>>> print(open('my_file25.txt').read())   # compact mmCIF, C-alpha atoms
# COMPACT_ATOMS: atom_id res chain seq x y z
CA MET A 1088 -4.64 78.55 -58.53
CA ASN A 1089 -2.16 78.06 -55.69
CA THR A 1090 -3.44 76.63 -52.43
CA LYS A 1091 -1.63 77.38 -49.23
CA ALA A 1092 -0.07 74.30 -47.56
CA PRO A 1093 -1.14 73.60 -43.95
CA PRO A 1094 1.40 74.45 -41.22
CA ILE A 1095 3.98 71.78 -40.49
CA HIS A 1096 2.87 71.37 -36.84
CA LEU A 1097 -0.66 70.47 -37.99
CA ILE A 1098 0.76 67.87 -40.36
CA ASN A 1099 2.88 66.39 -37.56
CA MET A 1100 -0.11 66.35 -35.20
CA GLU A 1101 -2.26 64.53 -37.73
CA ALA A 1102 0.54 62.00 -38.35
CA ARG A 1103 0.81 61.34 -34.61
CA ARG A 1104 -2.93 60.79 -34.37
CA LYS A 1105 -2.81 58.26 -37.19
CA ARG A 1106 0.11 56.43 -35.61
CA SER A 1107 -1.67 56.32 -32.25
CA ARG A 1108 -4.86 55.06 -33.87
CA LEU A 1109 -2.97 52.33 -35.71
CA TYR A 1110 -1.12 51.36 -32.52
CA TYR A 1111 -4.35 50.97 -30.53
CA LEU A 1112 -5.97 49.00 -33.33
CA LYS A 1113 -2.95 46.73 -33.57
CA HIS A 1114 -2.91 46.00 -29.84
CA TRP A 1115 -6.67 46.02 -29.23
CA GLN A 1116 -6.50 42.63 -27.46
CA LEU A 1117 -4.20 43.98 -24.74
CA TYR A 1118 -6.35 47.05 -24.17
CA GLY A 1119 -9.43 44.83 -24.11
CA MET A 1120 -7.85 42.79 -21.33
CA ILE A 1121 -7.07 45.80 -19.13
CA MET A 1122 -10.41 47.53 -19.76
CA PRO A 1123 -12.34 45.58 -17.05
CA GLY A 1124 -9.69 46.59 -14.51
CA ILE A 1125 -9.93 50.24 -15.56
CA VAL A 1126 -13.73 50.14 -15.34
CA PHE A 1127 -13.50 48.49 -11.90
CA PHE A 1128 -11.23 51.21 -10.49
CA LEU A 1129 -13.33 53.98 -12.04
CA LEU A 1130 -16.61 52.64 -10.65
CA PHE A 1131 -15.49 51.38 -7.24
CA LYS A 1132 -12.47 53.55 -6.40
CA TYR A 1133 -12.76 56.96 -8.10
CA VAL A 1134 -16.51 57.55 -8.43
CA PRO A 1135 -17.12 56.84 -4.68
CA ILE A 1136 -14.63 59.61 -3.83
CA LEU A 1137 -17.31 62.08 -4.94
CA GLY A 1138 -19.54 60.74 -2.17
CA SER A 1139 -17.05 61.89 0.47
CA VAL A 1140 -18.84 65.23 0.42
CA ILE A 1141 -21.46 63.77 2.79
CA ALA A 1142 -18.84 63.98 5.57
CA PHE A 1143 -19.53 67.73 5.50
CA GLN A 1144 -23.31 67.32 5.44
CA ASP A 1145 -26.08 65.98 7.64
CA TYR A 1146 -26.76 63.40 4.99
CA ASN A 1147 -30.31 62.21 4.59
CA VAL A 1148 -30.99 59.19 2.39
CA TYR A 1149 -34.30 60.59 1.17
CA LYS A 1150 -32.97 64.08 0.39
CA GLY A 1151 -29.79 62.83 -1.26
CA ILE A 1152 -26.46 64.63 -1.56
CA MET A 1153 -27.94 67.68 -3.28
CA GLY A 1154 -30.70 68.16 -0.71
CA SER A 1155 -28.82 67.41 2.52
CA PRO A 1156 -27.77 70.47 4.57
CA PHE A 1157 -24.10 71.47 4.73
CA VAL A 1158 -22.66 71.42 8.29
CA GLY A 1159 -18.93 71.96 7.69
CA LEU A 1160 -16.60 70.18 10.12
CA LYS A 1161 -19.29 69.20 12.59
CA HIS A 1162 -18.75 65.44 12.20
CA PHE A 1163 -14.98 65.78 12.48
CA GLU A 1164 -15.44 67.69 15.75
CA THR A 1165 -17.72 64.91 16.98
CA LEU A 1166 -15.10 62.36 15.96
CA PHE A 1167 -12.31 63.95 17.99
CA THR A 1168 -14.46 64.78 21.01
CA TYR A 1169 -16.20 61.40 21.29
CA PRO A 1170 -14.62 59.83 24.40
CA GLU A 1171 -14.80 56.25 23.14
CA PHE A 1172 -13.05 57.04 19.84
CA ALA A 1173 -9.67 57.45 21.54
CA LYS A 1174 -9.95 53.91 22.91
CA ILE A 1175 -11.04 52.55 19.50
CA LEU A 1176 -8.15 54.34 17.79
CA LYS A 1177 -5.73 52.98 20.38
CA ASN A 1178 -6.97 49.41 19.81
CA THR A 1179 -6.61 49.82 16.05
CA VAL A 1180 -3.09 51.24 16.23
CA LEU A 1181 -1.87 48.68 18.78
CA ILE A 1182 -3.16 45.66 16.84
CA SER A 1183 -1.80 47.08 13.61
CA ILE A 1184 1.62 47.69 15.16
CA TYR A 1185 1.65 44.15 16.56
CA GLN A 1186 0.84 42.83 13.11
CA LEU A 1187 3.57 44.98 11.63
CA VAL A 1188 6.19 43.91 14.18
CA PHE A 1189 5.38 40.20 14.18
CA GLY A 1190 3.47 39.66 10.95
CA PHE A 1191 5.56 41.63 8.47
CA PRO A 1192 8.87 39.76 9.11
CA ALA A 1193 7.15 36.34 9.15
CA PRO A 1194 6.94 35.84 5.34
CA ILE A 1195 10.52 37.11 4.98
CA ILE A 1196 11.77 34.52 7.49
CA LEU A 1197 9.69 31.78 5.82
CA ALA A 1198 11.06 32.70 2.39
CA LEU A 1199 14.64 32.66 3.69
CA PHE A 1200 14.16 29.22 5.25
CA LEU A 1201 12.48 27.81 2.14
CA ASN A 1202 15.30 29.21 0.03
CA GLU A 1203 17.77 27.15 2.04
CA VAL A 1204 15.87 23.87 1.53
CA ARG A 1205 17.62 21.66 -1.01
CA LYS A 1206 15.04 18.83 -1.22
CA MET A 1207 12.61 20.15 -3.81
CA TRP A 1208 9.81 17.71 -2.88
CA PHE A 1209 9.95 18.88 0.74
CA LYS A 1210 10.12 22.55 -0.27
CA ARG A 1211 7.10 22.26 -2.57
CA SER A 1212 5.14 20.34 0.04
CA VAL A 1213 5.77 22.99 2.68
CA GLN A 1214 4.88 25.78 0.23
CA THR A 1215 1.59 24.10 -0.66
CA ILE A 1216 0.66 23.59 3.00
CA VAL A 1217 1.40 27.18 4.04
CA TYR A 1218 -0.36 28.62 0.97
CA LEU A 1219 -3.67 26.84 1.63
CA PRO A 1220 -5.01 29.00 4.53
CA HIS A 1221 -4.95 32.07 2.28
CA PHE A 1222 -7.76 30.60 0.19
CA LEU A 1223 -10.01 30.10 3.21
CA SER A 1224 -12.41 32.88 4.15
CA TRP A 1225 -12.28 34.46 7.58
CA VAL A 1226 -15.62 32.81 8.32
CA ILE A 1227 -13.90 29.42 8.10
CA VAL A 1228 -10.66 30.54 9.75
CA GLY A 1229 -12.55 32.28 12.56
CA GLY A 1230 -14.52 29.11 13.23
CA LEU A 1231 -11.31 27.07 13.28
CA VAL A 1232 -9.68 29.49 15.73
CA ILE A 1233 -12.70 29.42 18.04
CA ASN A 1234 -12.80 25.62 17.97
CA VAL A 1235 -9.05 25.24 18.52
CA LEU A 1236 -9.21 27.57 21.54
CA SER A 1237 -12.48 26.20 22.92
CA PRO A 1238 -12.29 25.58 26.69
CA ASN A 1239 -14.29 22.35 26.36
CA TYR A 1240 -12.82 20.49 23.37
CA GLY A 1241 -10.12 22.77 21.91
CA ILE A 1242 -6.77 21.16 21.22
CA ILE A 1243 -4.88 23.93 23.05
CA ASN A 1244 -6.82 23.41 26.28
CA GLU A 1245 -6.54 19.65 25.90
CA LEU A 1246 -2.77 20.10 25.74
CA LEU A 1247 -2.79 22.41 28.78
CA GLU A 1248 -4.78 19.86 30.75
CA PHE A 1249 -2.39 17.10 29.68
CA LEU A 1250 0.50 19.20 31.05
CA GLY A 1251 -1.30 19.63 34.36
CA MET A 1252 -2.40 23.24 33.77
CA GLU A 1253 -5.83 24.81 34.04
CA ARG A 1254 -8.04 25.24 31.03
CA LYS A 1255 -8.32 28.86 29.83
CA PHE A 1256 -11.16 30.75 28.22
CA PHE A 1257 -8.97 32.34 25.56
CA MET A 1258 -11.77 33.88 23.50
CA GLN A 1259 -13.43 35.40 26.57
CA GLN A 1260 -10.36 37.00 28.15
CA PRO A 1261 -9.41 40.45 26.76
CA GLU A 1262 -5.68 40.02 27.44
CA PHE A 1263 -5.49 37.21 24.88
CA PHE A 1264 -7.52 38.82 22.10
CA ARG A 1265 -4.81 40.84 20.37
CA SER A 1266 -2.38 37.92 20.41
CA ILE A 1267 -5.06 35.68 18.87
CA VAL A 1268 -5.73 38.22 16.12
CA VAL A 1269 -2.05 38.59 15.24
CA ALA A 1270 -1.31 34.85 15.39
CA SER A 1271 -4.32 33.88 13.27
CA GLY A 1272 -3.48 36.57 10.72
CA ILE A 1273 0.09 35.31 10.42
CA TRP A 1274 -1.06 31.71 10.04
CA LYS A 1275 -3.52 32.62 7.29
CA GLU A 1276 -1.34 34.92 5.16
CA VAL A 1277 2.32 34.08 5.83
CA GLY A 1278 2.59 31.57 2.99
CA TRP A 1279 0.90 33.76 0.42
CA ASN A 1280 2.93 36.85 1.35
CA ALA A 1281 6.15 34.83 1.07
CA ILE A 1282 5.56 34.33 -2.68
CA ILE A 1283 6.85 37.81 -3.52
CA TYR A 1284 10.02 37.28 -1.49
CA LEU A 1285 10.60 33.85 -3.06
CA ALA A 1286 10.29 35.47 -6.49
CA ALA A 1287 12.81 38.13 -5.46
CA LEU A 1288 15.16 35.42 -4.16
CA ALA A 1289 14.96 33.58 -7.48
CA SER A 1290 16.23 36.69 -9.29
CA ILE A 1291 19.44 36.97 -7.22
CA ASN A 1292 22.56 36.42 -9.31
CA THR A 1293 23.90 32.95 -8.46
CA GLU A 1294 27.45 34.09 -9.24
CA MET A 1295 27.47 35.99 -5.95
CA TYR A 1296 26.81 32.77 -4.06
CA GLU A 1297 29.50 30.98 -6.05
CA ALA A 1298 31.98 33.73 -5.20
CA ALA A 1299 30.99 33.45 -1.53
CA ASP A 1300 31.58 29.67 -1.67
CA VAL A 1301 35.09 30.31 -3.01
CA ASP A 1302 35.71 32.69 -0.09
CA GLY A 1303 34.56 29.99 2.34
CA ALA A 1304 31.30 31.66 3.44
CA GLY A 1305 28.73 29.43 5.12
CA ARG A 1306 24.98 29.46 4.60
CA PHE A 1307 24.29 31.90 7.41
CA ARG A 1308 26.97 34.27 6.20
CA LYS A 1309 25.62 34.17 2.65
CA MET A 1310 22.13 34.86 3.97
CA ILE A 1311 23.34 37.93 5.87
CA SER A 1312 25.73 39.30 3.25
CA ILE A 1313 23.96 38.40 -0.01
CA THR A 1314 20.35 37.32 0.41
CA LEU A 1315 19.08 39.98 2.80
CA PRO A 1316 20.73 42.95 1.00
CA SER A 1317 19.30 41.66 -2.27
CA LEU A 1318 15.84 41.47 -0.69
CA LEU A 1319 16.04 44.95 0.85
CA PRO A 1320 14.42 46.84 -2.10
CA THR A 1321 11.46 44.45 -2.10
CA ILE A 1322 11.17 44.61 1.68
CA MET A 1323 11.16 48.41 1.71
CA ILE A 1324 8.55 48.73 -1.05
CA LEU A 1325 6.20 46.26 0.67
CA PHE A 1326 6.81 47.94 4.03
CA LEU A 1327 5.85 51.32 2.56
CA LEU A 1328 2.70 49.83 1.06
CA ARG A 1329 1.84 48.22 4.40
CA ILE A 1330 2.48 51.30 6.53
CA GLY A 1331 -0.09 53.25 4.54
CA HIS A 1332 -2.76 50.83 5.75
CA LEU A 1333 -1.90 51.15 9.42
CA LEU A 1334 -5.51 51.92 10.31
CA ASP A 1335 -6.96 49.33 7.91
CA LEU A 1336 -6.95 46.09 9.86
CA GLY A 1337 -9.72 44.45 7.91
CA PHE A 1338 -13.28 44.10 9.12
CA GLU A 1339 -13.78 40.36 8.54
CA GLN A 1340 -11.12 39.00 10.90
CA ILE A 1341 -12.02 41.16 13.89
CA TYR A 1342 -15.75 40.76 13.35
CA MET A 1343 -15.44 36.97 13.35
CA LEU A 1344 -13.34 36.84 16.53
CA ILE A 1345 -14.73 39.66 18.65
CA ASN A 1346 -17.42 39.20 21.31
CA PRO A 1347 -18.86 41.50 24.01
CA LEU A 1348 -16.42 40.22 26.65
CA VAL A 1349 -13.34 41.36 24.68
CA ALA A 1350 -14.85 44.40 22.93
CA ASP A 1351 -12.93 46.74 25.24
CA LYS A 1352 -9.64 45.50 23.72
CA GLY A 1353 -10.93 44.40 20.32
CA GLN A 1354 -13.20 47.14 19.01
CA ILE A 1355 -11.43 48.79 16.07
CA ILE A 1356 -12.32 51.53 13.60
CA ASP A 1357 -13.66 49.14 10.95
CA THR A 1358 -16.05 47.35 13.30
CA TYR A 1359 -17.06 50.70 14.82
CA ILE A 1360 -17.90 52.03 11.35
CA TYR A 1361 -20.03 48.95 10.71
CA SER A 1362 -21.99 49.23 13.94
CA VAL A 1363 -22.43 53.01 13.87
CA GLY A 1364 -22.56 53.66 10.15
CA LEU A 1365 -24.36 50.72 8.58
CA LEU A 1366 -26.42 49.55 11.54
CA GLY A 1367 -26.91 52.98 13.13
CA GLY A 1368 -27.41 54.94 9.91
CA GLN A 1369 -24.86 57.67 10.75
CA TYR A 1370 -23.44 57.83 7.23
CA SER A 1371 -21.95 61.32 7.44
CA TYR A 1372 -20.14 60.59 10.71
CA THR A 1373 -18.61 57.33 9.49
CA THR A 1374 -17.62 58.96 6.18
CA ALA A 1375 -15.69 61.51 8.24
CA ILE A 1376 -13.94 58.61 9.97
CA GLY A 1377 -13.06 57.15 6.56
CA ILE A 1378 -11.55 60.46 5.44
CA PHE A 1379 -9.58 60.63 8.67
CA LYS A 1380 -8.17 57.14 8.00
CA SER A 1381 -7.24 58.09 4.43
CA VAL A 1382 -5.47 61.28 5.50
CA VAL A 1383 -3.49 59.42 8.18
CA GLY A 1384 -2.53 56.72 5.67
CA LEU A 1385 -1.39 59.32 3.13
CA MET A 1386 0.71 61.15 5.72
CA LEU A 1387 2.34 57.89 6.81
CA ILE A 1388 3.20 56.90 3.25
CA LEU A 1389 4.67 60.33 2.46
CA SER A 1390 6.68 60.41 5.69
CA PHE A 1391 8.09 56.90 5.51
CA ASN A 1392 8.74 57.28 1.80
CA GLN A 1393 11.05 60.20 2.54
CA ILE A 1394 12.71 58.30 5.38
CA SER A 1395 13.28 55.31 3.08
CA LYS A 1396 14.64 57.57 0.34
CA ARG A 1397 17.22 59.08 2.68
CA THR A 1398 18.24 55.84 4.37
CA THR A 1399 18.06 53.13 1.67
CA GLY A 1400 17.40 55.01 -1.56
CA GLU A 1401 14.26 52.93 -2.21
CA THR A 1402 10.98 54.82 -2.78
CA LEU A 1403 7.49 54.23 -4.11
CA TYR A 1404 7.73 57.16 -6.51
>>> encode(input="my_file25.txt", output="structure tokens")
Amino acid sequence: MNTKAPPIHLINMEARRKRSRLYYLKHWQLYGMIMPGIVFFLLFKYVPILGSVIAFQDYNVYKGIMGSPFVGLKHFETLFTYPEFAKILKNTVLISIYQLVFGFPAPIILALFLNEVRKMWFKRSVQTIVYLPHFLSWVIVGGLVINVLSPNYGIINELLEFLGMERKFFMQQPEFFRSIVVASGIWKEVGWNAIIYLAALASINTEMYEAADVDGAGRFRKMISITLPSLLPTIMILFLLRIGHLLDLGFEQIYMLINPLVADKGQIIDTYIYSVGLLGGQYSYTTAIGIFKSVVGLMLILSFNQISKRTTGETLY
């Protein structure tokens, strides 16, 4: 009795399944290593997205998502009509732009200078010193900043008094707050952020520098003509990643440094969400603010990605 052979596409499909199964079994250690990361992103990044629906509800903790009434865009209307939100948004954007203008180039400049150092012991010593602040929490760094700027015993005011100038209450004067935030952020993260640029510098073909030496180019000329163009792809990718977080300044730094006397210049979206959402219990309203931040970040990434594609050819995707 003749039996009909299965179609060829079914045979090929079954063969692919077997090959895939064997491949996963062969490399189970690698997939085991990445599984915690996948679980982390699923639990803490993707699953919480489902909770964004409460931005369109008058969410009640006791009724839950399914029992809370739907109110449409009510909380978004409140967001854009709240008179204080414009000031908070302005503070957030200004501080973020200051950090972008002064903080983003800082690790690039540090990496370029370290790349020119020929004494390896000095280079490694400097790298170690500038890396260390990254591993300190903002609780520690905030305390250090407050102590350094203290009007009674801070080293800055001691120096001002030594130079015959008046002591200043830096932490109590609003005009100094944004500068303190930017400067402390640079001090804490400049060394750590420079690691990526140092790695990119290490991958530059040394033959280009040798050819420049033959042509009589000096160090500054080689930096302008070889080093910076070679770093441009890395700079653009990191810039695009940074621009998407324009409204994400980080809660810890501002919360540690802010006080009622400088709140007019220092209150940002993250601290506002904490005070109104967590302490005030307005979960739906602050979720709407979070969605607003995400939409703005997405629009910035898409816009600057197209600009980068047309000007430098470098894109995120």
>>> closest_atom_pairs(input="my_file25.txt", of="range 1251-1332 of chain A", to="range 1217-1235 of chain A", cutoff="7 Å", atoms="only C-alpha atoms", output="Markdown table")
| residue | atom | partner | partner_atom | distance |
| --- | --- | --- | --- | --- |
| A:Lys1275 | CA | A:Pro1220 | CA | 4.8 |
| A:Glu1276 | CA | A:His1221 | CA | 5.4 |
| A:Gly1278 | CA | A:Tyr1218 | CA | 4.6 |
| A:Trp1279 | CA | A:Tyr1218 | CA | 5.3 |
>>> residues_around(input="my_file25.txt", residues="Asn1239 in chain A", least_positions_apart="3", cutoff="10 Å", atoms="all atoms listed in the file", output="JSON list (two decimals) with C-alpha atoms, in the coordinates of the input")
[["chain", "number", "residue", "atom", "x", "y", "z"],
["A", 1234, "ASN", "CA", -12.80, 25.62, 17.97],
["A", 1235, "VAL", "CA", -9.05, 25.24, 18.52],
["A", 1236, "LEU", "CA", -9.21, 27.57, 21.54],
["A", 1242, "ILE", "CA", -6.77, 21.16, 21.22],
["A", 1244, "ASN", "CA", -6.82, 23.41, 26.28],
["A", 1245, "GLU", "CA", -6.54, 19.65, 25.90],
["A", 1254, "ARG", "CA", -8.04, 25.24, 31.03],
["A", 1255, "LYS", "CA", -8.32, 28.86, 29.83],
["A", 1256, "PHE", "CA", -11.16, 30.75, 28.22]]
>>> closest_residue(input="my_file25.txt", among="A:Glu1339, A:Lys1309, A:Tyr1111, A:Asn1346", to="Glu1297 in chain A", atoms="only C-alpha atoms")
A:Lys1309
>>> atom_distance(input="my_file25.txt", atom1="CA of Glu1164 in chain A", atom2="CA of Thr1373 in chain A")
12.5 Å
>>> closest_atom_pairs(input="my_file25.txt", of="range 1296-1338 of chain A", to="range 1183-1205 of chain A", cutoff="7 Å", atoms="only C-alpha atoms", output="CSV")
residue,atom,partner,partner_atom,distance
A:Leu1333,CA,A:Ser1183,CA,5.8
A:Leu1334,CA,A:Ser1183,CA,6.9
A:Leu1336,CA,A:Ser1183,CA,6.4
